[in-house]
file run-v1.txt (compact mmCIF, C-alpha atoms (C1' of nucleotides))
# COMPACT_ATOMS: atom_id res chain seq x y z
CA MET A 208 -48.41 -22.54 -36.63
CA SER A 209 -46.39 -19.63 -37.91
CA PRO A 210 -42.91 -19.62 -36.48
CA ARG A 211 -43.60 -16.61 -34.31
CA ARG A 212 -41.62 -16.48 -31.10
CA GLU A 213 -43.89 -17.69 -28.34
CA PRO A 214 -43.73 -15.58 -25.26
CA ARG A 215 -42.69 -17.89 -22.47
CA LEU A 216 -46.09 -17.89 -20.91
CA VAL A 217 -45.35 -20.59 -18.37
CA PHE A 218 -42.44 -18.63 -17.05
CA LEU A 219 -44.27 -15.31 -17.14
CA LEU A 220 -47.27 -16.73 -15.31
CA THR A 221 -45.11 -18.35 -12.66
CA VAL A 222 -43.05 -15.26 -12.06
CA ALA A 223 -46.03 -12.93 -12.06
CA GLN A 224 -47.79 -15.01 -9.45
CA ARG A 225 -44.67 -15.27 -7.33
CA ARG A 226 -44.08 -11.54 -7.49
CA LEU A 227 -47.62 -10.84 -6.40
CA GLN A 228 -47.39 -13.45 -3.67
CA ARG A 229 -44.13 -12.02 -2.40
CA TRP A 230 -45.44 -8.50 -2.44
CA MET A 231 -48.57 -9.41 -0.54
CA ALA A 232 -46.56 -11.46 1.93
CA ALA A 233 -44.44 -8.40 2.63
CA ARG A 234 -47.64 -6.42 3.19
CA ALA A 235 -48.68 -9.19 5.55
CA GLN A 236 -46.26 -7.96 8.16
CA ALA A 237 -48.61 -5.02 8.60
CA ASN A 238 -51.85 -6.85 9.27
CA GLY A 239 -50.50 -10.36 9.71
CA VAL A 240 -52.60 -11.88 6.95
CA THR A 241 -51.20 -13.52 3.83
CA ALA A 242 -52.81 -13.74 0.42
CA ALA A 243 -54.10 -17.26 0.90
CA GLN A 244 -55.47 -16.40 4.30
CA SER A 245 -57.26 -13.31 3.10
CA GLY A 246 -58.84 -15.48 0.44
CA LEU A 247 -60.56 -17.51 3.11
CA LEU A 248 -61.45 -14.36 5.01
CA PHE A 249 -63.24 -13.05 1.92
CA ILE A 250 -65.18 -16.27 1.58
CA LEU A 251 -66.27 -16.13 5.20
CA GLY A 252 -67.13 -12.47 4.82
CA GLN A 253 -69.70 -13.50 2.26
CA ARG A 254 -70.87 -16.75 3.79
CA ASP A 255 -69.86 -17.11 7.40
CA GLY A 256 -70.22 -20.68 8.56
CA VAL A 257 -69.37 -22.51 5.34
CA LEU A 258 -68.18 -26.07 5.35
CA MET A 259 -64.46 -26.61 4.92
CA GLY A 260 -65.04 -28.41 1.67
CA GLU A 261 -67.16 -25.56 0.33
CA ALA A 262 -64.48 -23.07 1.24
CA GLY A 263 -61.87 -25.26 -0.40
CA ALA A 264 -63.90 -25.47 -3.58
CA ALA A 265 -64.39 -21.71 -3.63
CA LEU A 266 -60.63 -21.22 -3.28
CA ASP A 267 -59.76 -24.05 -5.64
CA LEU A 268 -57.97 -25.92 -2.90
CA GLY A 269 -57.97 -29.65 -2.34
CA PRO A 270 -58.73 -31.19 1.05
CA PRO A 271 -55.14 -31.02 2.33
CA GLY A 272 -54.82 -27.42 1.23
CA ILE A 273 -57.90 -26.12 3.00
CA SER A 274 -57.16 -28.29 6.01
CA GLY A 275 -53.73 -26.75 6.49
CA LEU A 276 -54.97 -23.24 5.83
CA VAL A 277 -57.70 -23.64 8.41
CA ASP A 278 -55.20 -24.99 10.92
CA ARG A 279 -52.91 -22.01 10.53
CA MET A 280 -55.74 -19.49 10.66
CA THR A 281 -57.28 -21.16 13.67
CA THR A 282 -53.96 -21.00 15.46
CA ALA A 283 -53.73 -17.33 14.49
CA ASP A 284 -57.22 -16.83 15.96
CA LEU A 285 -58.59 -15.50 12.70
CA ILE A 286 -61.29 -18.13 12.32
CA LYS A 287 -63.02 -20.67 14.50
CA ARG A 288 -64.04 -24.20 13.63
CA ARG A 289 -67.25 -25.69 14.96
CA ALA A 290 -68.67 -29.13 14.36
CA ASP A 291 -71.64 -29.25 12.01
CA PRO A 292 -74.68 -30.23 14.10
CA ASP A 293 -76.12 -32.33 11.27
CA ASP A 294 -73.00 -34.10 10.05
CA GLY A 295 -70.44 -35.53 12.40
CA ARG A 296 -67.73 -35.51 9.76
CA ALA A 297 -68.09 -31.89 8.79
CA TRP A 298 -66.85 -28.60 10.25
CA ARG A 299 -68.15 -25.13 9.73
CA LEU A 300 -65.88 -22.10 9.71
CA TRP A 301 -66.61 -18.80 11.39
CA LEU A 302 -64.81 -15.49 11.57
CA THR A 303 -63.46 -14.43 14.95
CA PRO A 304 -63.47 -10.75 15.93
CA ALA A 305 -59.78 -10.64 14.97
CA GLY A 306 -60.73 -12.23 11.68
CA ARG A 307 -63.28 -9.52 10.98
CA THR A 308 -60.70 -6.86 11.65
CA ALA A 309 -58.22 -8.60 9.39
CA LEU A 310 -60.86 -8.92 6.70
CA ALA A 311 -61.52 -5.20 6.78
CA GLN A 312 -57.80 -4.54 6.37
CA ALA A 313 -57.54 -7.11 3.61
CA LYS A 314 -60.41 -5.43 1.76
CA ALA A 315 -58.65 -2.10 1.95
CA GLY A 316 -55.39 -3.67 0.79
CA LEU A 317 -57.11 -5.36 -2.13
CA VAL A 318 -58.16 -2.01 -3.52
CA GLU A 319 -54.54 -0.96 -3.76
CA VAL A 320 -53.43 -4.26 -5.24
CA ASN A 321 -56.18 -4.18 -7.84
CA ALA A 322 -55.23 -0.65 -8.79
CA ARG A 323 -51.65 -1.77 -9.24
CA LEU A 324 -52.76 -4.78 -11.26
CA THR A 325 -54.85 -2.81 -13.73
CA GLU A 326 -52.90 0.43 -13.98
CA GLY A 327 -51.89 1.25 -17.51
CA PHE A 328 -54.27 -1.24 -19.11
CA SER A 329 -57.64 -0.50 -20.64
CA GLU A 330 -60.79 -2.22 -19.50
CA ALA A 331 -60.84 -4.20 -22.70
CA GLU A 332 -57.29 -5.38 -22.11
CA ILE A 333 -58.00 -6.34 -18.52
CA ASP A 334 -61.01 -8.25 -19.77
CA VAL A 335 -58.80 -10.21 -22.14
CA VAL A 336 -56.42 -10.97 -19.29
CA ALA A 337 -59.25 -12.04 -17.01
CA ARG A 338 -60.76 -14.19 -19.71
CA TRP A 339 -57.41 -15.84 -20.40
CA LEU A 340 -56.74 -16.51 -16.71
CA THR A 341 -60.22 -17.89 -16.26
CA SER A 342 -59.89 -20.12 -19.28
CA LEU A 343 -56.90 -21.87 -17.75
CA GLN A 344 -59.23 -23.42 -15.23
CA THR A 345 -60.86 -25.25 -18.11
CA ARG A 346 -57.66 -25.94 -20.02
CA PHE A 347 -55.92 -27.42 -17.00
CA PRO A 348 -58.68 -29.14 -15.08
CA ARG A 349 -58.43 -30.93 -11.81
CA GLY A 350 -58.79 -34.66 -11.65
CA GLU A 351 -58.21 -37.08 -14.48
CA ASP A 352 -59.03 -35.79 -17.93
CA GLN A 353 -57.77 -35.99 -21.46
CA MET B 280 -62.94 5.20 -11.34
CA SER B 281 -66.27 3.95 -12.56
CA PRO B 282 -67.84 1.41 -10.20
CA ARG B 283 -67.30 -1.44 -12.64
CA ARG B 284 -67.00 -4.83 -11.08
CA GLU B 285 -63.32 -5.67 -10.91
CA PRO B 286 -62.51 -9.17 -11.94
CA ARG B 287 -60.79 -10.76 -9.00
CA LEU B 288 -57.43 -10.71 -10.65
CA VAL B 289 -55.48 -11.79 -7.58
CA PHE B 290 -57.61 -14.86 -7.26
CA LEU B 291 -57.59 -15.60 -10.98
CA LEU B 292 -53.83 -15.27 -11.20
CA THR B 293 -53.29 -17.48 -8.18
CA VAL B 294 -55.63 -20.17 -9.38
CA ALA B 295 -54.33 -20.08 -12.94
CA GLN B 296 -50.78 -20.56 -11.78
CA ARG B 297 -51.76 -23.34 -9.41
CA ARG B 298 -53.70 -25.15 -12.10
CA LEU B 299 -50.77 -25.00 -14.47
CA GLN B 300 -48.40 -26.07 -11.73
CA ARG B 301 -50.59 -28.98 -10.79
CA TRP B 302 -51.03 -30.07 -14.37
CA MET B 303 -47.31 -29.98 -15.06
CA ALA B 304 -46.59 -31.80 -11.81
CA ALA B 305 -48.91 -34.58 -12.93
CA ARG B 306 -47.00 -34.69 -16.22
CA ALA B 307 -43.85 -34.93 -14.12
CA GLN B 308 -44.63 -38.53 -13.26
CA ALA B 309 -43.78 -39.30 -16.87
CA ASN B 310 -40.33 -37.75 -17.11
CA GLY B 311 -39.73 -37.03 -13.45
CA VAL B 312 -39.20 -33.32 -13.92
CA THR B 313 -41.35 -30.59 -12.39
CA ALA B 314 -42.03 -27.14 -13.78
CA ALA B 315 -39.47 -25.42 -11.59
CA GLN B 316 -36.86 -28.03 -12.43
CA SER B 317 -37.42 -27.80 -16.16
CA GLY B 318 -36.95 -24.05 -15.80
CA LEU B 319 -33.41 -24.62 -14.65
CA LEU B 320 -32.89 -27.25 -17.33
CA PHE B 321 -33.84 -24.70 -19.98
CA ILE B 322 -31.37 -22.20 -18.56
CA LEU B 323 -28.60 -24.76 -18.62
CA GLY B 324 -29.57 -25.80 -22.11
CA GLN B 325 -28.75 -22.31 -23.23
CA ARG B 326 -25.80 -21.59 -20.98
CA ASP B 327 -24.36 -24.71 -19.45
CA GLY B 328 -22.06 -23.86 -16.59
CA VAL B 329 -23.80 -20.77 -15.24
CA LEU B 330 -23.30 -19.62 -11.70
CA MET B 331 -26.05 -20.43 -9.24
CA GLY B 332 -26.77 -16.77 -8.73
CA GLU B 333 -27.08 -16.20 -12.46
CA ALA B 334 -29.48 -19.08 -12.77
CA GLY B 335 -31.47 -17.76 -9.85
CA ALA B 336 -31.70 -14.33 -11.43
CA ALA B 337 -32.83 -15.84 -14.72
CA LEU B 338 -35.55 -17.77 -12.93
CA ASP B 339 -36.45 -14.91 -10.61
CA LEU B 340 -35.47 -16.93 -7.57
CA GLY B 341 -33.72 -15.67 -4.48
CA PRO B 342 -30.67 -17.39 -3.04
CA PRO B 343 -32.61 -19.86 -0.90
CA GLY B 344 -34.84 -20.76 -3.81
CA ILE B 345 -32.11 -21.60 -6.25
CA SER B 346 -30.10 -23.31 -3.54
CA GLY B 347 -32.91 -25.69 -2.74
CA LEU B 348 -33.75 -26.30 -6.37
CA VAL B 349 -30.13 -27.16 -7.12
CA ASP B 350 -30.01 -29.50 -4.15
CA ARG B 351 -33.04 -31.42 -5.30
CA MET B 352 -31.90 -31.59 -8.89
CA THR B 353 -28.41 -32.67 -7.88
CA THR B 354 -29.88 -35.45 -5.78
CA ALA B 355 -32.01 -36.44 -8.76
CA ASP B 356 -28.82 -36.52 -10.86
CA LEU B 357 -30.18 -33.99 -13.35
CA ILE B 358 -27.42 -31.45 -12.83
CA LYS B 359 -23.96 -31.38 -11.36
CA ARG B 360 -22.35 -28.68 -9.28
CA ARG B 361 -18.67 -27.84 -9.67
CA ALA B 362 -16.65 -25.23 -7.83
CA ASP B 363 -15.77 -22.18 -9.89
CA PRO B 364 -12.02 -22.22 -10.42
CA ASP B 365 -11.78 -18.43 -10.12
CA ASP B 366 -14.06 -17.81 -7.16
CA GLY B 367 -13.99 -20.02 -4.11
CA ARG B 368 -17.48 -18.96 -3.08
CA ALA B 369 -19.18 -19.74 -6.36
CA TRP B 370 -20.52 -22.88 -8.00
CA ARG B 371 -21.20 -23.55 -11.63
CA LEU B 372 -24.03 -25.79 -12.76
CA TRP B 373 -23.80 -28.37 -15.50
CA LEU B 374 -26.28 -30.72 -17.09
CA THR B 375 -25.77 -34.43 -16.55
CA PRO B 376 -26.63 -36.91 -19.31
CA ALA B 377 -29.89 -37.59 -17.48
CA GLY B 378 -30.45 -33.86 -17.36
CA ARG B 379 -30.03 -33.57 -21.12
CA THR B 380 -32.56 -36.31 -21.65
CA ALA B 381 -34.98 -34.64 -19.28
CA LEU B 382 -34.45 -31.33 -21.03
CA ALA B 383 -35.35 -32.84 -24.38
CA GLN B 384 -38.55 -34.23 -22.88
CA ALA B 385 -39.31 -30.93 -21.20
CA LYS B 386 -38.90 -29.13 -24.50
CA ALA B 387 -41.35 -31.47 -26.15
CA GLY B 388 -43.79 -31.05 -23.28
CA LEU B 389 -43.53 -27.29 -23.44
CA VAL B 390 -44.84 -27.29 -26.98
CA GLU B 391 -48.02 -28.96 -25.83
CA VAL B 392 -48.40 -26.70 -22.83
CA ASN B 393 -47.89 -23.60 -24.94
CA ALA B 394 -50.47 -24.79 -27.39
CA ARG B 395 -52.91 -25.30 -24.56
CA LEU B 396 -52.10 -21.88 -23.14
CA THR B 397 -52.74 -20.00 -26.36
CA GLU B 398 -55.53 -22.02 -27.91
CA GLY B 399 -58.58 -19.94 -28.66
CA PHE B 400 -56.81 -16.61 -28.29
CA SER B 401 -55.50 -14.44 -31.07
CA GLU B 402 -51.89 -13.37 -31.27
CA ALA B 403 -52.92 -9.86 -30.32
CA GLU B 404 -54.72 -11.16 -27.26
CA ILE B 405 -51.79 -13.31 -26.21
CA ASP B 406 -49.58 -10.29 -26.62
CA VAL B 407 -51.80 -8.35 -24.24
CA VAL B 408 -51.62 -11.19 -21.75
CA ALA B 409 -47.85 -11.46 -22.06
CA ARG B 410 -47.46 -7.74 -21.69
CA TRP B 411 -49.64 -7.71 -18.60
CA LEU B 412 -47.79 -10.61 -17.00
CA THR B 413 -44.47 -9.02 -17.77
CA SER B 414 -45.58 -5.69 -16.37
CA LEU B 415 -46.21 -7.28 -12.99
CA GLN B 416 -42.49 -7.71 -12.59
CA THR B 417 -42.21 -3.94 -12.58
CA ARG B 418 -45.36 -3.32 -10.57
CA PHE B 419 -44.36 -5.71 -7.83
CA PRO B 420 -40.60 -5.41 -7.66
CA ARG B 421 -38.25 -7.33 -5.48
CA GLY B 422 -36.49 -5.60 -2.66
CA GLU B 423 -37.59 -2.40 -0.99
CA ASP B 424 -39.32 0.07 -3.25
CA GLN B 425 -42.22 2.46 -3.22
C1' DT C 74 -81.18 -53.93 9.94
C1' DC C 75 -76.48 -54.43 8.10
C1' DT C 76 -73.13 -53.57 5.26
C1' DA C 77 -70.72 -51.66 1.12
C1' DG C 78 -69.65 -47.52 -0.84
C1' DA C 79 -69.44 -42.62 -0.73
C1' DT C 80 -68.10 -38.45 1.62
C1' DA C 81 -65.60 -34.93 5.00
C1' DG C 82 -61.38 -34.12 6.87
C1' DT C 83 -56.71 -35.40 8.47
C1' DT C 84 -52.01 -36.81 8.15
C1' DC C 85 -47.64 -37.69 5.91
C1' DG C 86 -43.95 -36.78 2.88
C1' DC C 87 -42.77 -33.89 -0.58
C1' DA C 88 -41.70 -29.58 -3.72
C1' DT C 89 -41.59 -24.84 -3.83
C1' DG C 90 -39.80 -20.51 -2.29
C1' DC C 91 -39.69 -16.74 1.07
C1' DG C 92 -37.03 -13.66 4.85
C1' DA C 93 -33.59 -13.59 8.29
C1' DA C 94 -29.41 -14.87 9.83
C1' DC C 95 -25.35 -17.10 8.91
C1' DT C 96 -20.41 -18.69 6.72
C1' DA C 97 -16.76 -18.14 3.73
C1' DA C 98 -14.38 -15.96 0.12
C1' DT C 99 -13.30 -11.74 -2.38
C1' DT C 100 -12.58 -6.88 -3.13
C1' DG C 101 -11.75 -2.03 -2.27
C1' DC C 102 -9.36 1.16 -0.12
C1' DA C 103 -6.74 3.65 3.36
C1' DT D 120 -0.48 -4.79 3.41
C1' DG D 121 -4.74 -5.37 6.19
C1' DC D 122 -9.11 -4.82 7.44
C1' DA D 123 -14.01 -3.43 6.37
C1' DA D 124 -17.55 -4.07 3.24
C1' DT D 125 -19.40 -6.77 -0.29
C1' DT D 126 -20.73 -10.96 -2.43
C1' DA D 127 -22.00 -16.23 -3.19
C1' DG D 128 -24.30 -19.71 -1.10
C1' DT D 129 -26.31 -22.16 2.89
C1' DT D 130 -29.36 -23.03 6.62
C1' DC D 131 -33.48 -22.50 9.39
C1' DG D 132 -38.25 -21.91 10.19
C1' DC D 133 -42.16 -20.88 7.88
C1' DA D 134 -46.39 -20.78 4.45
C1' DT D 135 -48.35 -22.93 0.70
C1' DG D 136 -50.42 -26.83 -1.49
C1' DC D 137 -50.03 -31.31 -3.83
C1' DG D 138 -51.02 -36.79 -4.05
C1' DA D 139 -51.60 -40.89 -1.48
C1' DA D 140 -53.26 -43.11 2.23
C1' DC D 141 -55.90 -42.91 6.20
C1' DT D 142 -60.12 -42.30 9.80
C1' DA D 143 -64.67 -41.42 10.85
C1' DT D 144 -69.19 -40.73 9.53
C1' DC D 145 -73.08 -41.06 6.67
C1' DT D 146 -76.19 -43.18 3.16
C1' DA D 147 -78.35 -46.50 0.12
C1' DG D 148 -79.58 -50.84 -1.12
C1' DA D 149 -80.27 -55.85 -0.27

call {"tool": "encode", "arguments": {"input": "run-v1.txt", "output": "structure tokens"}}
result
Amino acid sequence: MSPRREPRLVFLLTVAQRRLQRWMAARAQANGVTAAQSGLLFILGQRDGVLMGEAGAALDLGPPGISGLVDRMTTADLIKRRADPDDGRAWRLWLTPAGRTALAQAKAGLVEVNARLTEGFSEAEIDVVARWLTSLQTRFPRGEDQ
Amino acid sequence: MSPRREPRLVFLLTVAQRRLQRWMAARAQANGVTAAQSGLLFILGQRDGVLMGEAGAALDLGPPGISGLVDRMTTADLIKRRADPDDGRAWRLWLTPAGRTALAQAKAGLVEVNARLTEGFSEAEIDVVARWLTSLQTRFPRGEDQ
DNA sequence: TCTAGATAGTTCGCATGCGAACTAATTGCA
DNA sequence: TGCAATTAGTTCGCATGCGAACTATCTAGA
């Protein structure tokens, strides 16, 4: 409540995310995989064959978001969609060979990005940042809340 | 170089920004102004009559970004675009009365958002966060760099 | 068994913003 | 003066992801 000048966190957060997005998109020309797409690749790398909804939840995407992402990645032959044998409404997602290759490249790229993201900051500082970013998921929840 | 588990900063940053975006978009139903749009309103509140390019630079938007934003806000009658008398290529942006009203509401809303963004964190911690976010603009520069 | 409600995804229209390619106006310089 | 290079914006196609409304399937209870 002191009159200290608030850093413009909304602006900083928006710009930071956009910069990262842009930078990774430029990298995408190399392996053809964007940030959002590599997110799904990572999920499938851990649990191949997840339901679309599960993948969406893991990526914090709503139904339209995961649906569109899956469409684009299916077209790009990075993943494959197969009907769930037990539930006629559901689809399970699987990596294609091209998807596995892209995942390997994405993993390598992530190392560089993470290095760039943490360079010049101590572990304690990065922990503060991570804790703050994580806390926003509680402060700005999905759905209808107070 | 220790094998400590990296927090997934790319993911956290992406999700945090999306959560904030989503939350502010939901607020937008009230005053009809989104986060990106209120960004431009704030710029014009400080310097009414800026050039589009100047506004874009202030918001870290490229030419297509600011062009589209201006189009949408002009259609929504929040801003007005007038030819620069000295430069036939350039346009200057001005708040409309509706834009001024929306700006006042956006300012009020920002107070709440900022409170939510900083709640539970010390000033020193917020400073670390702000410094980290700001540093990304250098780490992930626009244009072609190393 | 039948049906009402819940659940999994899809589709539509929209906002956001990028890169590439473009138009039009201005400027620098030979 | 005149033209080449620069600069201000626009346009196009794309990726991303939202909310609202929809379809199809499944499940639980009367």

call {"tool": "interface_residues", "arguments": {"input": "run-v1.txt", "of": "chain A", "to": "chain B", "cutoff": "10 Å", "atoms": "only C-alpha atoms", "output": "PyMOL selection string"}}
result
chain A and resi 208+211+213-231+233+242-243+246+266-268+317-318+320-328+330+332-351

call {"tool": "calpha_fit_and_write", "arguments": {"input": "run-v1.txt", "fixed": "chain B", "moving": "chain A", "output": "compact mmCIF listing (two decimals) with C-alpha atoms, in the coordinates of the input"}}
result
# COMPACT_ATOMS: atom_id res chain seq x y z
CA MET A 208 -62.83 4.95 -11.18
CA SER A 209 -66.14 3.88 -12.61
CA PRO A 210 -67.87 1.40 -10.37
CA ARG A 211 -67.30 -1.46 -12.77
CA ARG A 212 -66.98 -4.85 -11.15
CA GLU A 213 -63.29 -5.65 -10.95
CA PRO A 214 -62.48 -9.15 -11.97
CA ARG A 215 -60.77 -10.73 -9.01
CA LEU A 216 -57.41 -10.68 -10.65
CA VAL A 217 -55.47 -11.77 -7.59
CA PHE A 218 -57.60 -14.84 -7.26
CA LEU A 219 -57.59 -15.59 -10.97
CA LEU A 220 -53.82 -15.26 -11.20
CA THR A 221 -53.27 -17.47 -8.17
CA VAL A 222 -55.63 -20.15 -9.37
CA ALA A 223 -54.35 -20.08 -12.93
CA GLN A 224 -50.79 -20.55 -11.77
CA ARG A 225 -51.76 -23.33 -9.39
CA ARG A 226 -53.72 -25.13 -12.08
CA LEU A 227 -50.79 -24.98 -14.44
CA GLN A 228 -48.41 -26.06 -11.71
CA ARG A 229 -50.61 -28.98 -10.77
CA TRP A 230 -51.03 -30.06 -14.34
CA MET A 231 -47.33 -29.97 -15.03
CA ALA A 232 -46.61 -31.78 -11.78
CA ALA A 233 -48.93 -34.56 -12.90
CA ARG A 234 -47.04 -34.69 -16.20
CA ALA A 235 -43.88 -34.92 -14.13
CA GLN A 236 -44.64 -38.50 -13.25
CA ALA A 237 -43.81 -39.31 -16.86
CA ASN A 238 -40.36 -37.77 -17.10
CA GLY A 239 -39.75 -37.03 -13.44
CA VAL A 240 -39.20 -33.32 -13.93
CA THR A 241 -41.35 -30.60 -12.41
CA ALA A 242 -42.03 -27.14 -13.79
CA ALA A 243 -39.46 -25.42 -11.61
CA GLN A 244 -36.87 -28.02 -12.44
CA SER A 245 -37.43 -27.79 -16.16
CA GLY A 246 -36.95 -24.06 -15.81
CA LEU A 247 -33.40 -24.62 -14.66
CA LEU A 248 -32.89 -27.25 -17.33
CA PHE A 249 -33.83 -24.68 -19.98
CA ILE A 250 -31.37 -22.19 -18.56
CA LEU A 251 -28.58 -24.75 -18.62
CA GLY A 252 -29.58 -25.79 -22.11
CA GLN A 253 -28.76 -22.28 -23.22
CA ARG A 254 -25.79 -21.58 -20.99
CA ASP A 255 -24.34 -24.69 -19.46
CA GLY A 256 -22.05 -23.85 -16.58
CA VAL A 257 -23.79 -20.75 -15.24
CA LEU A 258 -23.29 -19.59 -11.70
CA MET A 259 -26.04 -20.41 -9.24
CA GLY A 260 -26.76 -16.76 -8.74
CA GLU A 261 -27.07 -16.18 -12.48
CA ALA A 262 -29.47 -19.07 -12.78
CA GLY A 263 -31.46 -17.75 -9.85
CA ALA A 264 -31.69 -14.32 -11.43
CA ALA A 265 -32.81 -15.82 -14.73
CA LEU A 266 -35.54 -17.76 -12.92
CA ASP A 267 -36.43 -14.90 -10.60
CA LEU A 268 -35.46 -16.93 -7.58
CA GLY A 269 -33.71 -15.67 -4.48
CA PRO A 270 -30.65 -17.39 -3.04
CA PRO A 271 -32.61 -19.87 -0.90
CA GLY A 272 -34.85 -20.76 -3.81
CA ILE A 273 -32.10 -21.60 -6.27
CA SER A 274 -30.10 -23.30 -3.54
CA GLY A 275 -32.92 -25.70 -2.74
CA LEU A 276 -33.74 -26.31 -6.38
CA VAL A 277 -30.13 -27.15 -7.13
CA ASP A 278 -30.02 -29.51 -4.16
CA ARG A 279 -33.05 -31.43 -5.32
CA MET A 280 -31.88 -31.61 -8.92
CA THR A 281 -28.42 -32.67 -7.89
CA THR A 282 -29.89 -35.45 -5.80
CA ALA A 283 -32.01 -36.44 -8.79
CA ASP A 284 -28.83 -36.52 -10.90
CA LEU A 285 -30.18 -33.99 -13.35
CA ILE A 286 -27.42 -31.45 -12.85
CA LYS A 287 -23.95 -31.37 -11.39
CA ARG A 288 -22.34 -28.67 -9.30
CA ARG A 289 -18.67 -27.83 -9.68
CA ALA A 290 -16.66 -25.23 -7.84
CA ASP A 291 -15.77 -22.15 -9.87
CA PRO A 292 -12.00 -22.22 -10.42
CA ASP A 293 -11.74 -18.44 -10.08
CA ASP A 294 -14.03 -17.84 -7.12
CA GLY A 295 -14.01 -20.05 -4.08
CA ARG A 296 -17.49 -18.97 -3.05
CA ALA A 297 -19.17 -19.71 -6.34
CA TRP A 298 -20.51 -22.87 -8.00
CA ARG A 299 -21.19 -23.54 -11.62
CA LEU A 300 -24.02 -25.78 -12.76
CA TRP A 301 -23.81 -28.36 -15.51
CA LEU A 302 -26.29 -30.71 -17.11
CA THR A 303 -25.77 -34.43 -16.55
CA PRO A 304 -26.62 -36.89 -19.33
CA ALA A 305 -29.90 -37.58 -17.50
CA GLY A 306 -30.46 -33.85 -17.38
CA ARG A 307 -30.03 -33.56 -21.13
CA THR A 308 -32.56 -36.30 -21.67
CA ALA A 309 -34.98 -34.63 -19.30
CA LEU A 310 -34.45 -31.32 -21.04
CA ALA A 311 -35.35 -32.84 -24.38
CA GLN A 312 -38.55 -34.23 -22.88
CA ALA A 313 -39.32 -30.94 -21.19
CA LYS A 314 -38.92 -29.12 -24.51
CA ALA A 315 -41.37 -31.47 -26.15
CA GLY A 316 -43.80 -31.07 -23.25
CA LEU A 317 -43.55 -27.29 -23.42
CA VAL A 318 -44.86 -27.31 -26.97
CA GLU A 319 -48.04 -28.98 -25.80
CA VAL A 320 -48.42 -26.71 -22.80
CA ASN A 321 -47.92 -23.60 -24.91
CA ALA A 322 -50.50 -24.82 -27.38
CA ARG A 323 -52.94 -25.31 -24.54
CA LEU A 324 -52.12 -21.89 -23.13
CA THR A 325 -52.75 -20.01 -26.36
CA GLU A 326 -55.55 -22.04 -27.90
CA GLY A 327 -58.60 -19.97 -28.64
CA PHE A 328 -56.82 -16.63 -28.30
CA SER A 329 -55.51 -14.46 -31.09
CA GLU A 330 -51.91 -13.38 -31.29
CA ALA A 331 -52.92 -9.89 -30.33
CA GLU A 332 -54.72 -11.18 -27.26
CA ILE A 333 -51.80 -13.35 -26.22
CA ASP A 334 -49.58 -10.32 -26.63
CA VAL A 335 -51.78 -8.36 -24.25
CA VAL A 336 -51.61 -11.21 -21.75
CA ALA A 337 -47.85 -11.47 -22.07
CA ARG A 338 -47.45 -7.74 -21.71
CA TRP A 339 -49.65 -7.71 -18.62
CA LEU A 340 -47.79 -10.62 -17.01
CA THR A 341 -44.47 -9.02 -17.80
CA SER A 342 -45.56 -5.70 -16.39
CA LEU A 343 -46.20 -7.27 -13.00
CA GLN A 344 -42.48 -7.69 -12.61
CA THR A 345 -42.22 -3.92 -12.61
CA ARG A 346 -45.37 -3.29 -10.59
CA PHE A 347 -44.36 -5.70 -7.85
CA PRO A 348 -40.60 -5.40 -7.68
CA ARG A 349 -38.25 -7.30 -5.49
CA GLY A 350 -36.46 -5.59 -2.68
CA GLU A 351 -37.55 -2.43 -0.94
CA ASP A 352 -39.40 0.06 -3.08
CA GLN A 353 -42.24 2.51 -2.87

call {"tool": "atom_distance", "arguments": {"input": "run-v1.txt", "atom1": "CA of Leu382 (chain B)", "atom2": "CA of Ala337 (chain B)"}}
result
16.8 Å

call {"tool": "residues_around", "arguments": {"input": "run-v1.txt", "residues": "region 95-98 of chain C", "least_positions_apart": "3", "cutoff": "10 Å", "atoms": "only C-alpha atoms (C1' of nucleotides)", "output": "PDB file with C-alpha atoms (C1' of nucleotides), keeping the file's coordinate frame"}}
result
ATOM      1  CA  ASP B 366     -14.060 -17.810  -7.160  1.00  0.00           C
ATOM      2  CA  GLY B 367     -13.990 -20.020  -4.110  1.00  0.00           C
ATOM      3  CA  ARG B 368     -17.480 -18.960  -3.080  1.00  0.00           C
ATOM      4  CA  ALA B 369     -19.180 -19.740  -6.360  1.00  0.00           C
TER       5      ALA B 369
ATOM      6  C1'  DT D 126     -20.730 -10.960  -2.430  1.00  0.00           C
ATOM      7  C1'  DA D 127     -22.000 -16.230  -3.190  1.00  0.00           C
ATOM      8  C1'  DG D 128     -24.300 -19.710  -1.100  1.00  0.00           C
ATOM      9  C1'  DT D 129     -26.310 -22.160   2.890  1.00  0.00           C
ATOM     10  C1'  DT D 130     -29.360 -23.030   6.620  1.00  0.00           C
ATOM     11  C1'  DC D 131     -33.480 -22.500   9.390  1.00  0.00           C
TER      12       DC D 131
END

call {"tool": "interface_residues", "arguments": {"input": "run-v1.txt", "of": "chain C", "to": "chain A", "cutoff": "12 Å", "atoms": "all atoms listed in the file", "output": "list in words"}}
result
DT80, DA81, DG82, DT83, DT84, DC85, DT89, DG90, DC91 and DG92 of chain C

call {"tool": "write_last_selection", "arguments": {"input": "run-v1.txt", "atoms": "C-alpha atoms (C1' of nucleotides)", "output": "mmCIF file, keeping the file's coordinate frame"}}
result
data_model
loop_
_atom_site.group_PDB
_atom_site.id
_atom_site.type_symbol
_atom_site.label_atom_id
_atom_site.label_comp_id
_atom_site.auth_asym_id
_atom_site.auth_seq_id
_atom_site.Cartn_x
_atom_site.Cartn_y
_atom_site.Cartn_z
ATOM 1 C "C1'" DT C 80 -68.100 -38.450 1.620
ATOM 2 C "C1'" DA C 81 -65.600 -34.930 5.000
ATOM 3 C "C1'" DG C 82 -61.380 -34.120 6.870
ATOM 4 C "C1'" DT C 83 -56.710 -35.400 8.470
ATOM 5 C "C1'" DT C 84 -52.010 -36.810 8.150
ATOM 6 C "C1'" DC C 85 -47.640 -37.690 5.910
ATOM 7 C "C1'" DT C 89 -41.590 -24.840 -3.830
ATOM 8 C "C1'" DG C 90 -39.800 -20.510 -2.290
ATOM 9 C "C1'" DC C 91 -39.690 -16.740 1.070
ATOM 10 C "C1'" DG C 92 -37.030 -13.660 4.850
#
